[in-house]
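Asker: A single structure is presented below for examination.
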Amino acid sequence: MDWIFQTHDTYAFLFLRFGLAVTFFMHGTQHAFGWHGGKGPKAQVTNWRDKYGIPVPMGVLALVIELSTVVCMALGFFVRPVALGLAVFMAFATFLSHWEHGFFLSSAAGKGSGIEYTMALMLMALTITVGGAGALSVDILLSR
C-alpha cells in the first residue's frame, strides 16, 4: 500500500497536477453542477447513456472521478489511484466520442473535435499515475 504515496520531490509533477486540477475544475463543474454553460448532472449522465450507451452508475462514477480529480490533484493526496481513474475516463472519452473525428482538436464547422486534447489529458494522468504527486503534496509527506 505504501507505493500509492511514493513519489519524487520534483516540481514537474506539481505542474501537471495543477494543470489537471484547473482543467477538471472547469470541465467537471460543467458536468456535475451545470456551471459555465454545462448540462448539470442528470442531463450529463443521461446524455452519456443515450449517446454512448454508458450505464447510469458508470456515468455517476465518471462525475465522481472528474470532481475527485480537482481535490486530489490540488492537495496532492491519493494522486496515483485518482490519476489512473482519470486516465481510464479520458481513454473512454477518446475512443467513444473523439476517435471518429480524427486527430486534431479543431476541425471543420459542424464536425466534432478529434483526439488531440483528450489524448493529452490521458497522457498527463498516466504520467502522474507512474510518477506520483511530486513536491508540495500530502502524498510525499505520507511516504516519509
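Chain lettering (A, B, ...) mirrors the order of the C-alpha cells, residue numbering begins at 1 for each chain separately, and ligand numbering begins at 1 in order of display.
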Dump as CSV the rows for residues of segment 48-103 of chain A within 7 Å of segment 13-28 of chain A: closest atom pair and distance in Å with one decimal, only C-alpha atoms counted, ordered by chain and rising residue number.
Answerer:
```
residue,atom,partner,partner_atom,distance
A:Leu63,CA,A:Gly28,CA,6.9
A:Glu66,CA,A:Gly28,CA,5.1
A:Leu67,CA,A:Gly28,CA,5.8
A:Thr69,CA,A:Ala21,CA,6.3
A:Val70,CA,A:Ala21,CA,4.3
A:Met73,CA,A:Arg17,CA,4.9
A:Ala74,CA,A:Ala21,CA,5.8
```
Asker: Run DSSP on the backbone and give me the residues of chain A it puts in helix (DSSP H, G or I), as a ChimeraX atom specification.
Answerer: /A:2-4,12-33,35-37,41-52,56-75,79-101,116-131,138-143
Asker: Pick out the residues sitting within 10 Å of segment 48-57 of chain A, and hand them over as a list in words; count only C-alpha atoms, and ignore anything fewer than 3 positions along from it in its own chain.
Answerer: Lys42, Ala43, Gln44, Val45, Val60, Leu61, Ala62, Leu63, Phe92, Ala93, Leu96 and Ser97 of chain A
Asker: Keeping N, CA and C atoms, export the residues of the selection given above as a PDB file, in the first residue's frame.
Answerer:
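Result saved to result16.pdb:
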```pdb
ATOM      1  N   LYS A  42     -27.799  15.381 -14.014  1.00  0.00           N
ATOM      2  CA  LYS A  42     -28.825  14.490 -14.586  1.00  0.00           C
ATOM      3  C   LYS A  42     -28.764  14.495 -16.110  1.00  0.00           C
ATOM      4  N   ALA A  43     -28.719  15.680 -16.709  1.00  0.00           N
ATOM      5  CA  ALA A  43     -28.676  15.768 -18.170  1.00  0.00           C
ATOM      6  C   ALA A  43     -27.376  15.204 -18.731  1.00  0.00           C
ATOM      7  N   GLN A  44     -26.262  15.386 -17.996  1.00  0.00           N
ATOM      8  CA  GLN A  44     -24.972  14.882 -18.484  1.00  0.00           C
ATOM      9  C   GLN A  44     -24.945  13.357 -18.482  1.00  0.00           C
ATOM     10  N   VAL A  45     -25.358  12.770 -17.373  1.00  0.00           N
ATOM     11  CA  VAL A  45     -25.367  11.301 -17.279  1.00  0.00           C
ATOM     12  C   VAL A  45     -26.356  10.717 -18.291  1.00  0.00           C
ATOM     13  N   VAL A  60     -22.330   8.234 -13.310  1.00  0.00           N
ATOM     14  CA  VAL A  60     -22.186   8.868 -11.995  1.00  0.00           C
ATOM     15  C   VAL A  60     -20.743   8.718 -11.504  1.00  0.00           C
ATOM     16  N   LEU A  61     -20.161   7.529 -11.704  1.00  0.00           N
ATOM     17  CA  LEU A  61     -18.761   7.313 -11.340  1.00  0.00           C
ATOM     18  C   LEU A  61     -17.847   8.281 -12.108  1.00  0.00           C
ATOM     19  N   ALA A  62     -18.145   8.518 -13.362  1.00  0.00           N
ATOM     20  CA  ALA A  62     -17.352   9.461 -14.156  1.00  0.00           C
ATOM     21  C   ALA A  62     -17.410  10.863 -13.556  1.00  0.00           C
ATOM     22  N   LEU A  63     -18.584  11.290 -13.102  1.00  0.00           N
ATOM     23  CA  LEU A  63     -18.694  12.597 -12.440  1.00  0.00           C
ATOM     24  C   LEU A  63     -17.873  12.639 -11.159  1.00  0.00           C
ATOM     25  N   PHE A  92     -11.824   6.375 -22.374  1.00  0.00           N
ATOM     26  CA  PHE A  92     -13.195   6.167 -22.833  1.00  0.00           C
ATOM     27  C   PHE A  92     -13.678   7.361 -23.647  1.00  0.00           C
ATOM     28  N   ALA A  93     -13.415   8.570 -23.162  1.00  0.00           N
ATOM     29  CA  ALA A  93     -13.819   9.771 -23.902  1.00  0.00           C
ATOM     30  C   ALA A  93     -13.153   9.809 -25.273  1.00  0.00           C
ATOM     31  N   LEU A  96     -14.787   6.743 -27.403  1.00  0.00           N
ATOM     32  CA  LEU A  96     -16.229   6.795 -27.630  1.00  0.00           C
ATOM     33  C   LEU A  96     -16.678   8.076 -28.334  1.00  0.00           C
ATOM     34  N   SER A  97     -16.019   9.179 -28.035  1.00  0.00           N
ATOM     35  CA  SER A  97     -16.520  10.462 -28.513  1.00  0.00           C
ATOM     36  C   SER A  97     -15.651  11.145 -29.565  1.00  0.00           C
TER      37      SER A  97
END
```
Asker: When you draw a straight line from atom CA of Cys72 of chain A to atom CA of Arg144 of chain A, how long is it in Å?
Answerer: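 Between atom CA of Cys72 of chain A and atom CA of Arg144 of chain A the gap works out to 18.8 Å.
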Asker: Need to verify the contact set: segment 119-132 of chain A, 10 Å, only C-alpha atoms, exclusion of same-chain residues closer than 5 positions in sequence. Can you return it as number ranges by chain?
Answerer: A: 3-10, 12-14, 16-17, 19-20, 23-24, 69, 73, 76-95, 98, 103, 114, 137, 139-140
Asker: Between A:His101, A:Tyr11, A:His36, A:Lys111, which residue has the minimum interatomic distance to Leu136 of chain A, considering only C-alpha atoms?
Answerer: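 Of A:His101, A:Tyr11, A:His36, A:Lys111, the one nearest Leu136 of chain A, counting only C-alpha atoms, is A:Tyr11.
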Asker: Just the number, please: distance in Å from atom CA of Pro41 of chain A to atom CA of Ile65 of chain A, one decimal.
Answerer: 13.0 Å
Asker: Kindly indicate which residue among A:Gly38, A:Ala32, A:Ala135, A:Leu142 lies nearest to Ser68 of chain A, using only C-alpha atoms for the distances.
Answerer: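 Closest candidate: A:Ala32.
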